[in-house]
Every structure is written in C-alpha cells, then in structure tokens.
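Q: Here you go, one structure.
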2 protein chains.
Amino acid sequence: MLTYWNNYPTIQNKLQAVCSIIEEQLAVRNKEIQDTLTDFANSGGKYLRPAFFLLFAELGPKEQQNNQQLLQVAASIEILHMATLIHDDIIDDSPKRRSQITIQSKYGKDIAVYAGDLLFTQFFDLLTQTINGSSYMSINARAMKSLLLGELDQMHTRFNQQETIEQYLKSINGKTAELFWLACSEGAHFGQTTSEIEKKAGEIGRNIGLAFQIYDDILDYTAQEKVLQKPILEDLAQGVYTLPLILAKKGHEDEFAFYLDKKNLLTAKEAQKVAALVNKYHGIEKARQMALAYTQKALEEIEQLPRGQSSDNIKKLTQKLLQRVY
Amino acid sequence: MLTYWNNYPTIQNKLQAVCSIIEEQLAVRNKEIQDTLTDFANSGGKYLRPAFFLLFAELGPKEQQNNQQLLQVAASIEILHMATLIHDDIIDDSPKRRSQITIQSKYGKDIAVYAGDLLFTQFFDLLTQTINGSSYMSINARAMKSLLLGELDQMHTRFNQQETIEQYLKSINGKTAELFWLACSEGAHFGQTTSEIEKKAGEIGRNIGLAFQIYDDILDYTAQEKVLQKPILEDLAQGVYTLPLILAKKGHEDEFAFYLDKKNLLTAKEAQKVAALVNKYHGIEKARQMALAYTQKALEEIEQLPRGQSSDNIKKLTQKLLQRVY
C-alpha cells in the first residue's frame, strides 16, 4: 500500500526499492511458498517500519542516503515483521489479516510454519550479507527474541483476569514497540548520525510503537465490521485482554467476571456485552489517553532532533499515524 | 544420551559443556516454553552434529581446543537442529520422537511454533555473540535456508509417485546432509585447520549425512515397533516416498499404484502390503547399497585427513554410526 506515502515521494521511491529487494529474497525453488509469500508481501502492508528506518537514516549526511545497504537493512526489518505476523496468525487461528485470508487459513498451518521460517532465514541471510560484523547483528538477534517473548507473554496471560497494566505494557513493548525501536535506532545508526541521535531515535521508536499498539487494541473494540456494524472483538474471543478492558475492569471486576469466566465459551453476543461494559466504564477513553501520552512523548522527543526536512517528515508521519480518528 | 560417547571421553566432556550452553540458552522468562525446551534437549538426542563439529575441530592445533567459542558454535548447530525437528514434527503431525511425545502433540501446535522460533532466535543470537564478522555467518544463514528448502522439497513431492531418485537425493541433501556438511566444515574452520582440510571435512560431512538419512529411511521399513512387531511406516502413511520405495517401484509401477493411489486413505494393513512389495523388489537391499557407497566414500575421504587420534576418532564414529545392524 505504497499509496500511503503519496505525500512523501522520496520515501515512496525508496520503499519501492525495498519492495523489490523483498521480492528478490522471496524467490525460492518452491513455487508454492514463493507465490504465497509474494502475495502476502503485496497484501497491503504500509511498510511503516522500513519507512521509519529510512526517515531516521535521512538524519545522517546526504552522501550516505543512496546506499544499497540502507535499503537492504530496511527490507530485513519488514521481512522479520512479516515472519512474526505469519506465525502469530497460526497461534491466533486468524482467518483474516489486512482484509485478506491469512496464509494459515488459505494454505494450512504447515505451509504457514515453513513460510514464516523461510522469512526468518531470509532476515538472517540479508543481515549477514549487509552488516556482518556490526554490533547491530546482536541487536537484531535480541530484538527478534524480544518480539517472540512479547508474543509468549501474551499467550501466557490469555484468559487471565488478573492481568495488570504492567504485564500488558511489557507484552506490547516486546511484541510491537521493540521493532519500532529497532527500525528507528538502526536507521539512525546506518544513516551515520551521532550516537546521541541514535539513542533518541530508539526512544522515539519505542513510544511510537507503544502508542501504535494501544490504538490497534482500541480498534478491536471500536472498529465496525463492514457488514455486521459491530466491533470485531477478535482479541477478546481469544482471551487476549488488552488495555481498554484492563482499564475498564478496575473496580468492576465482578461484572466482567460474569462473562470472562466463560473463557473460550464466550458467545459473540456475550462479547458484545463485554464491549458495552468496556465502553460504559470508559476503558476506550482511558486507553486513548494513555496512547496520547506516548504519542506526545514521541513528538516532544522528535522536537529534540536536528531541525530540517527529515525531522519534519518524522513528525508529520508520527502525527498521521497516531492521531487517527476512530 | 551422552552414554553414546562413553568410549570417547574427551568428546563426552566437551558435549557435556555443550549441553550446559544449550540449557543456558533455553533460560527464558516464559517458564512453559523453557521447561518444554529443556525436556526436549534432554530427550535422548545423541548430539551427533556438535560431536562431528568438535572432532573436526580437533584436527587443528592443540592450543585451540579448550576454547569456549568452539563449544558455543557446536551448541548453535544442535540448537538449529532442534528447531527444525520441532517444526518438522508440526508438519508431519508426529506423535512421537525419540520415543517421547513430541512438543506439538504434548503442548499443541501453538507452543511448538514458538518453541521452534525461539530456538531459531537463540541460534542466531549465539552466532552473533561468538563469530560475528566471520564468513561463517552467511554460511550458517544459507545452511539454515537449505534445511528448510529440503523440507519443502519433501512436502512438495508428497504422494507423488513420479518422484525420482534425483529429487529424493536433492531433498535429503538439503534437509539432512547440509547440517552434517556445516558441522564438519565449520568445526575444521574454527579449529583452525587448513582450508584444504576444511573443504575435505565438508565433503565427508555431506556423505555421512546422505548415508545417515538413507539408513534412517530404511529403518522406517525395517524397524519393528516393540509391541506390534511391525514396521513403523510413518513416512509412507504421510505420502513421503523414500529411497527403498522409489528403488523397488521401478518396473513395478502398477503394482504399487494400486495401493499408493489411495493416498492418505491408505490403511495400516495396506501400508504393510506396500512394505512387503518394497521388500520383494529389493528396495531395502538396493537402498542399503547406496548408503554403503556414501559411507565408503566418506571413509575414503577420512583416510586423506592428517593421521592421528582425531582422524581415528572420526573414522570410528563414522563406522559406528553408519554400519548399524538392522
């Protein structure tokens, strides 16, 4: 969905090149897997993470910008992201992603396991080809581990009504914010900015990631499915209790327990009742306030970056991404 | 199953250290995954691949041998092997491995997906900690890719009665021989032997791997399940047609097609009939001859290594491993 970047022609061009690198990486002798992955790569992802990577790289010296290495590392981040999405869809048994049928539901879990594995391999391979010997090799390995541990945290707390805000934040910090942290700080690093900017970039990325995930979790309660005109509530059905529910539940545990005790036997109608309670006890409003606080923090930190076209673009993108209307 | 190494005390001690490194790598904050993986690591694998790695490393200078780096790289190979086993068991829907219940059947496919992913991560992490910047970073990434493509080849040719010997060999070359190739050449490399020995080590590893997999596939037809006293025929049931069947089928396609056309509806009784045909048309005997040829080739190449305790050990182990009695 590179049309998302119509107002950022430089980034749009670079992302086009990133797409080509990804497509090259997906060329393997197993045509079934290749087609599956190529479809998935073209299924409407916004390429947000490589975009942030490239935007932060642009804070570095001009002569650094037309560098094939930068595009390859940007591609590696998207490939890692794609790998985790494919495996997460297996765990969640998700029928759809980006309004397209998921790989696991279209081709079966078997293909989905190997498709994700192949992307992990290509992520690793792309890095060894481009930044072998860099300190970012270890940093990438650890980021990959954080993503997984974040997902495991989420799986571990399923159907747990005692889940705290801290546990929720720890999980989304790993599963989502870590990759934004990586994209921004790695971009600043290979764009050859200063180590101070690199550190700041990582902090900005983390706050953007946290806000992004909270908004995403709010969407599960507020977005209307086109036909049904009802919230989707996919997380709720899976026993994944996100911030709006955790915040609303405080002081009203019994009312929620009446439904949540049913665990995976909760009906769609009952889920709607839970959503109504989340709304009644201001869970969405409060979650939105927390997301806004992380967004504000990111924007304040962006103000501390060297002024210019690049930091302006980072600011505009952050606002566009996080001040969405629901 | 380090008792397998009772006659190789030096290797046994080193493998003990390798086990400890692996166990350290499995220490993550998700206790369920940690316990699952620790159980699996202790479930009776022989640690063949790290053993070959260490044996080939011993061809290098003495002062190189008590090196933590060597043990860590040896551990990385076993971790990669474990990761692929766990995901393969998901694809094969295998109830058992090493006479223990598989992770996917004990804890579900969800845990198995993430358990394998975590091992891929730890593999990558261990390498970035120990050999970052080495040419073996890319070599490892490509080996990991070959393993996967070999598995995909196998999945792709399921229930395909036209599968050729060449296709079979290509698949086992990727899914099995590649990792023996890696273990042996990487051992020679980090043991600081010569580049000539390193190349030879890889060739030896590849031949050992091919013979090893062929013997393993023969076992599916000849090993008796303790209770039933019948062959296991797990591959056959899954539509994975291995060398004994491919060799026996030549010139008797129709007789086999009568059964194989039933695909996944083949009953256990019918599978026994197929096994009888494989035997009748000398499939096992012919496959054994091919395995023997690869073993002989490996042994001849081992003779070309510098003489000494290390090459003697490599020879003894190869003989022990590949001249098994069935």
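Chain labels run A, B, ... following the order of the structure tokens; each chain numbers its residues from 1, and ligands are numbered from 1 in the order shown.
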Could you tell me which residues of chain A sit within 9 Å of chain B when counting only C-alpha atoms, and give me the result as a PyMOL selection string?

A: chain A and resi 28-30+32-33+87-88+90-92+109-111+113-114+117-118+120-129+131-135+137-142+144-145+148-149+151-153+156

Q: If we count only C-alpha atoms, what is near Ala291 in chain B at a cut-off of 7 Å, once residues fewer than 6 positions away on the same chain are taken out, given as a VMD selection string?

A: chain B and resid 211 214 to 215

Q: Could you pull out the strand (DSSP E or B) residues of range 38-222 of chain B, going by DSSP on the backbone, and write them as a ChimeraX atom specification?

A: /B:96-97,100-101

Q: Mind writing the picked residues with C-alpha atoms as a tab-separated table (two decimals), in the first residue's frame?

A:
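Output below, filename out.tsv:
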chain	number	residue	atom	x	y	z
B	96	LYS	CA	6.45	-39.28	18.90
B	97	ARG	CA	10.13	-38.53	18.54
B	100	GLN	CA	8.89	-39.40	23.67
B	101	ILE	CA	5.74	-37.47	22.91

Q: Extract, using only C-alpha atoms, all DNA, RNA and protein residues at most 8 Å from Ala248 in chain A, discarding same-chain residues fewer than 6 positions from it, and format them as number ranges by chain.

A: A: 277-284

Q: With distances taken over only C-alpha atoms, which residue among B:Leu169, B:Ala188, B:Leu210, B:Leu70 lies nearest Ser311 in chain B?

A: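 Smallest distance to Ser311 in chain B is found for B:Ala188.
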
Q: Extract the full set of alpha helix (DSSP H) residues from range 55-231 of chain A according to DSSP on the backbone, and format it as an NGL selection string.

A: :A and (55-57 or 68-92 or 103-107 or 109-130 or 136-156 or 165-172 or 178-190 or 195-222)

Q: Taking only C-alpha atoms into account, name the residue in A:Leu321, A:Leu54, A:Val18, A:Ala41 that is nearest to Ser76 in chain A.

A: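 Distance minimum relative to Ser76 in chain A lands on A:Val18.
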
Q: For Ala177 in chain A, find every residue with an atom within 8 Å (counting only C-alpha atoms), except residues of its own chain fewer than 3 positions away, and show them as a PDB file with all heavy atoms, in the first residue's frame.

A:
ATOM      1  N   ILE A 172       3.322  -5.703  25.041  1.00  0.00           N
ATOM      2  CA  ILE A 172       3.303  -4.925  23.788  1.00  0.00           C
ATOM      3  C   ILE A 172       4.650  -4.252  23.549  1.00  0.00           C
ATOM      4  O   ILE A 172       5.035  -3.995  22.415  1.00  0.00           O
ATOM      5  CB  ILE A 172       2.151  -3.887  23.718  1.00  0.00           C
ATOM      6  CG1 ILE A 172       2.351  -2.739  24.701  1.00  0.00           C
ATOM      7  CG2 ILE A 172       0.802  -4.552  23.918  1.00  0.00           C
ATOM      8  CD1 ILE A 172       1.405  -1.555  24.411  1.00  0.00           C
ATOM      9  N   ASN A 173       5.372  -4.010  24.634  1.00  0.00           N
ATOM     10  CA  ASN A 173       6.725  -3.482  24.484  1.00  0.00           C
ATOM     11  C   ASN A 173       7.584  -4.471  23.697  1.00  0.00           C
ATOM     12  O   ASN A 173       8.343  -4.100  22.814  1.00  0.00           O
ATOM     13  CB  ASN A 173       7.323  -3.243  25.872  1.00  0.00           C
ATOM     14  CG  ASN A 173       8.632  -2.488  25.796  1.00  0.00           C
ATOM     15  OD1 ASN A 173       8.816  -1.650  24.919  1.00  0.00           O
ATOM     16  ND2 ASN A 173       9.542  -2.816  26.691  1.00  0.00           N
ATOM     17  N   GLY A 174       7.429  -5.750  24.000  1.00  0.00           N
ATOM     18  CA  GLY A 174       8.181  -6.775  23.274  1.00  0.00           C
ATOM     19  C   GLY A 174       7.613  -7.027  21.895  1.00  0.00           C
ATOM     20  O   GLY A 174       8.314  -6.949  20.898  1.00  0.00           O
ATOM     21  N   PHE A 180       9.740  -1.191  16.396  1.00  0.00           N
ATOM     22  CA  PHE A 180       9.820   0.239  16.068  1.00  0.00           C
ATOM     23  C   PHE A 180      11.110   0.821  16.661  1.00  0.00           C
ATOM     24  O   PHE A 180      11.768   1.645  16.036  1.00  0.00           O
ATOM     25  CB  PHE A 180       8.583   0.986  16.599  1.00  0.00           C
ATOM     26  CG  PHE A 180       7.374   0.833  15.719  1.00  0.00           C
ATOM     27  CD1 PHE A 180       6.471  -0.197  15.918  1.00  0.00           C
ATOM     28  CD2 PHE A 180       7.155   1.715  14.666  1.00  0.00           C
ATOM     29  CE1 PHE A 180       5.351  -0.343  15.099  1.00  0.00           C
ATOM     30  CE2 PHE A 180       6.035   1.573  13.839  1.00  0.00           C
ATOM     31  CZ  PHE A 180       5.136   0.539  14.058  1.00  0.00           C
ATOM     32  N   TRP A 181      11.438   0.385  17.855  1.00  0.00           N
ATOM     33  CA  TRP A 181      12.698   0.803  18.472  1.00  0.00           C
ATOM     34  C   TRP A 181      13.862   0.431  17.549  1.00  0.00           C
ATOM     35  O   TRP A 181      14.727   1.256  17.251  1.00  0.00           O
ATOM     36  CB  TRP A 181      12.869   0.100  19.842  1.00  0.00           C
ATOM     37  CG  TRP A 181      14.227   0.314  20.426  1.00  0.00           C
ATOM     38  CD1 TRP A 181      14.631   1.376  21.180  1.00  0.00           C
ATOM     39  CD2 TRP A 181      15.364  -0.538  20.270  1.00  0.00           C
ATOM     40  NE1 TRP A 181      15.955   1.237  21.501  1.00  0.00           N
ATOM     41  CE2 TRP A 181      16.435   0.072  20.956  1.00  0.00           C
ATOM     42  CE3 TRP A 181      15.591  -1.746  19.627  1.00  0.00           C
ATOM     43  CZ2 TRP A 181      17.710  -0.488  21.012  1.00  0.00           C
ATOM     44  CZ3 TRP A 181      16.850  -2.312  19.670  1.00  0.00           C
ATOM     45  CH2 TRP A 181      17.893  -1.682  20.359  1.00  0.00           C
ATOM     46  N   GLY A 205      11.098   5.659  18.722  1.00  0.00           N
ATOM     47  CA  GLY A 205      10.518   4.454  18.137  1.00  0.00           C
ATOM     48  C   GLY A 205       9.719   3.674  19.162  1.00  0.00           C
ATOM     49  O   GLY A 205       8.613   3.193  18.884  1.00  0.00           O
ATOM     50  N   ARG A 206      10.274   3.561  20.355  1.00  0.00           N
ATOM     51  CA  ARG A 206       9.569   2.784  21.383  1.00  0.00           C
ATOM     52  C   ARG A 206       8.238   3.428  21.745  1.00  0.00           C
ATOM     53  O   ARG A 206       7.208   2.757  21.837  1.00  0.00           O
ATOM     54  CB  ARG A 206      10.454   2.601  22.628  1.00  0.00           C
ATOM     55  CG  ARG A 206       9.935   1.496  23.544  1.00  0.00           C
ATOM     56  CD  ARG A 206      10.900   1.095  24.646  1.00  0.00           C
ATOM     57  NE  ARG A 206      12.151   0.502  24.225  1.00  0.00           N
ATOM     58  CZ  ARG A 206      12.309  -0.738  23.781  1.00  0.00           C
ATOM     59  NH1 ARG A 206      11.266  -1.533  23.672  1.00  0.00           N
ATOM     60  NH2 ARG A 206      13.499  -1.184  23.445  1.00  0.00           N
ATOM     61  N   ASN A 207       8.236   4.737  21.921  1.00  0.00           N
ATOM     62  CA  ASN A 207       6.983   5.422  22.262  1.00  0.00           C
ATOM     63  C   ASN A 207       5.966   5.337  21.124  1.00  0.00           C
ATOM     64  O   ASN A 207       4.771   5.159  21.364  1.00  0.00           O
ATOM     65  CB  ASN A 207       7.267   6.878  22.646  1.00  0.00           C
ATOM     66  CG  ASN A 207       7.865   6.965  24.044  1.00  0.00           C
ATOM     67  OD1 ASN A 207       7.392   6.295  24.961  1.00  0.00           O
ATOM     68  ND2 ASN A 207       8.922   7.742  24.207  1.00  0.00           N
ATOM     69  N   ILE A 208       6.451   5.480  19.894  1.00  0.00           N
ATOM     70  CA  ILE A 208       5.548   5.332  18.750  1.00  0.00           C
ATOM     71  C   ILE A 208       4.948   3.924  18.737  1.00  0.00           C
ATOM     72  O   ILE A 208       3.741   3.743  18.545  1.00  0.00           O
ATOM     73  CB  ILE A 208       6.295   5.604  17.418  1.00  0.00           C
ATOM     74  CG1 ILE A 208       6.659   7.088  17.313  1.00  0.00           C
ATOM     75  CG2 ILE A 208       5.455   5.158  16.219  1.00  0.00           C
ATOM     76  CD1 ILE A 208       7.540   7.431  16.113  1.00  0.00           C
ATOM     77  N   GLY A 209       5.794   2.929  18.981  1.00  0.00           N
ATOM     78  CA  GLY A 209       5.335   1.542  18.964  1.00  0.00           C
ATOM     79  C   GLY A 209       4.280   1.264  20.027  1.00  0.00           C
ATOM     80  O   GLY A 209       3.280   0.585  19.771  1.00  0.00           O
ATOM     81  N   LEU A 210       4.507   1.805  21.227  1.00  0.00           N
ATOM     82  CA  LEU A 210       3.542   1.593  22.315  1.00  0.00           C
ATOM     83  C   LEU A 210       2.207   2.242  21.960  1.00  0.00           C
ATOM     84  O   LEU A 210       1.146   1.624  22.092  1.00  0.00           O
ATOM     85  CB  LEU A 210       4.087   2.162  23.628  1.00  0.00           C
ATOM     86  CG  LEU A 210       5.285   1.402  24.230  1.00  0.00           C
ATOM     87  CD1 LEU A 210       5.933   2.202  25.371  1.00  0.00           C
ATOM     88  CD2 LEU A 210       4.866   0.020  24.735  1.00  0.00           C
ATOM     89  N   GLN A 213       0.370   0.296  19.186  1.00  0.00           N
ATOM     90  CA  GLN A 213      -0.277  -0.948  19.600  1.00  0.00           C
ATOM     91  C   GLN A 213      -1.524  -0.677  20.436  1.00  0.00           C
ATOM     92  O   GLN A 213      -2.529  -1.378  20.319  1.00  0.00           O
ATOM     93  CB  GLN A 213       0.703  -1.840  20.371  1.00  0.00           C
ATOM     94  CG  GLN A 213       0.121  -3.199  20.745  1.00  0.00           C
ATOM     95  CD  GLN A 213      -0.281  -4.005  19.513  1.00  0.00           C
ATOM     96  OE1 GLN A 213       0.502  -4.211  18.604  1.00  0.00           O
ATOM     97  NE2 GLN A 213      -1.541  -4.451  19.456  1.00  0.00           N
TER      98      GLN A 213
END

Q: Report, in Å with one decimal, the straight-line distance from CA of Phe190 in chain A to CA of Ala74 in chain A.

A: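 Atom-to-atom, CA of Phe190 in chain A to CA of Ala74 in chain A, that is 10.2 Å.
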
Q: So what do you get for CA of Glu63 in chain A versus CA of Arg307 in chain A, distance-wise?

A: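 Rounded to one decimal, the two atoms are 18.3 Å apart.
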
Q: Between A:Lys175, A:His252, A:Lys262, A:Lys286, which residue has the minimum interatomic distance to Ile218 in chain A, considering only C-alpha atoms?

A: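 Distance minimum relative to Ile218 in chain A lands on A:Lys286.
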
Q: Quick check, in Å to one decimal: how far apart do CA of Asn6 in chain B and CA of Asn67 in chain B lie?

A: 22.1 Å

Q: Can you pull out every residue within 10 Å of Asp235 in chain B, counting only C-alpha atoms, but drop anything in the same chain fewer than 4 positions away, and send it as a PyMOL selection string?

A: chain B and resi 92+158+217+220-221+239-242

Q: Would you mind exporting the chosen residues as a PDB file, in the first residue's frame, restricted to N, CA, C and O atoms?

A:
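Everything below was put into out_15.pdb:
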ATOM      1  N   ASP B  92       4.577 -32.921  10.126  1.00  0.00           N
ATOM      2  CA  ASP B  92       4.312 -34.356   9.997  1.00  0.00           C
ATOM      3  C   ASP B  92       3.219 -34.830  10.943  1.00  0.00           C
ATOM      4  O   ASP B  92       2.815 -35.984  10.873  1.00  0.00           O
ATOM      5  N   ARG B 158       5.104 -34.967  -1.730  1.00  0.00           N
ATOM      6  CA  ARG B 158       4.237 -35.926  -1.036  1.00  0.00           C
ATOM      7  C   ARG B 158       3.217 -36.550  -1.973  1.00  0.00           C
ATOM      8  O   ARG B 158       2.613 -35.837  -2.766  1.00  0.00           O
ATOM      9  N   ASP B 217      15.814 -43.769   6.576  1.00  0.00           N
ATOM     10  CA  ASP B 217      14.627 -44.072   5.763  1.00  0.00           C
ATOM     11  C   ASP B 217      14.426 -45.583   5.622  1.00  0.00           C
ATOM     12  O   ASP B 217      13.285 -46.050   5.529  1.00  0.00           O
ATOM     13  N   ASP B 220      12.514 -46.973   8.596  1.00  0.00           N
ATOM     14  CA  ASP B 220      11.061 -46.816   8.589  1.00  0.00           C
ATOM     15  C   ASP B 220      10.400 -48.088   8.043  1.00  0.00           C
ATOM     16  O   ASP B 220       9.253 -48.393   8.378  1.00  0.00           O
ATOM     17  N   TYR B 221      11.146 -48.825   7.216  1.00  0.00           N
ATOM     18  CA  TYR B 221      10.599 -50.068   6.654  1.00  0.00           C
ATOM     19  C   TYR B 221      11.002 -51.316   7.440  1.00  0.00           C
ATOM     20  O   TYR B 221      10.347 -52.344   7.344  1.00  0.00           O
ATOM     21  N   GLY B 239       2.744 -40.056   2.907  1.00  0.00           N
ATOM     22  CA  GLY B 239       2.971 -39.806   1.484  1.00  0.00           C
ATOM     23  C   GLY B 239       4.400 -39.425   1.152  1.00  0.00           C
ATOM     24  O   GLY B 239       4.683 -38.937   0.063  1.00  0.00           O
ATOM     25  N   VAL B 240       5.302 -39.632   2.114  1.00  0.00           N
ATOM     26  CA  VAL B 240       6.718 -39.357   1.851  1.00  0.00           C
ATOM     27  C   VAL B 240       7.339 -40.655   1.335  1.00  0.00           C
ATOM     28  O   VAL B 240       7.506 -41.614   2.084  1.00  0.00           O
ATOM     29  N   TYR B 241       7.609 -40.690   0.036  1.00  0.00           N
ATOM     30  CA  TYR B 241       8.137 -41.899  -0.582  1.00  0.00           C
ATOM     31  C   TYR B 241       9.662 -41.823  -0.604  1.00  0.00           C
ATOM     32  O   TYR B 241      10.250 -41.035  -1.332  1.00  0.00           O
ATOM     33  N   THR B 242      10.285 -42.646   0.204  1.00  0.00           N
ATOM     34  CA  THR B 242      11.736 -42.554   0.347  1.00  0.00           C
ATOM     35  C   THR B 242      12.445 -43.587  -0.537  1.00  0.00           C
ATOM     36  O   THR B 242      11.804 -44.353  -1.263  1.00  0.00           O
TER      37      THR B 242
END

Q: Between A:Ala276, A:Leu15, A:Leu243, A:Leu71, which is the closest to Thr164 in chain A once you count only C-alpha atoms?

A: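 That would be A:Leu243, the residue with the smallest distance to Thr164 in chain A.
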
Q: Name all residues at most 10 Å from Lys46 in chain A (count only C-alpha atoms; drop same-chain ones fewer than 3 positions away) and give them as a PDB file with C-alpha atoms, in the first residue's frame.

A:
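Result file is out13.pdb:
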ATOM      1  CA  MET A   1       0.000   0.000   0.000  1.00  0.00           C
ATOM      2  CA  LEU A   2       2.613   2.476  -1.052  1.00  0.00           C
ATOM      3  CA  THR A   3      -0.128   4.976  -1.859  1.00  0.00           C
ATOM      4  CA  TYR A   4       0.014   5.715   1.879  1.00  0.00           C
ATOM      5  CA  TRP A   5       3.267   7.506   1.038  1.00  0.00           C
ATOM      6  CA  LEU A  15      10.159   1.863  -0.271  1.00  0.00           C
ATOM      7  CA  ASN A  42       1.789  -7.350  -1.692  1.00  0.00           C
ATOM      8  CA  SER A  43      -1.259  -7.630   0.539  1.00  0.00           C
ATOM      9  CA  ARG A  49       8.896   0.009   9.918  1.00  0.00           C
ATOM     10  CA  PRO A  50      11.220   0.333   6.911  1.00  0.00           C
ATOM     11  CA  ALA A  51       9.772   3.826   6.397  1.00  0.00           C
ATOM     12  CA  GLU A  78       9.957  -5.752   7.094  1.00  0.00           C
TER      13      GLU A  78
END

Q: Of the candidates A:Ala268, A:Gln34, A:Phe52, A:Leu59, which one gets nearest to Ser195 in chain A if we count only C-alpha atoms?

A: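 With only C-alpha atoms as the atom set, the closest residue is A:Leu59.
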
Q: May I ask which of the residues A:Leu322, A:Ala183, A:Leu26, A:Ala57 is the closest one to Leu292 in chain A, counting only C-alpha atoms?

A: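 Residue with the minimum atom-to-atom distance to Leu292 in chain A: A:Leu322.
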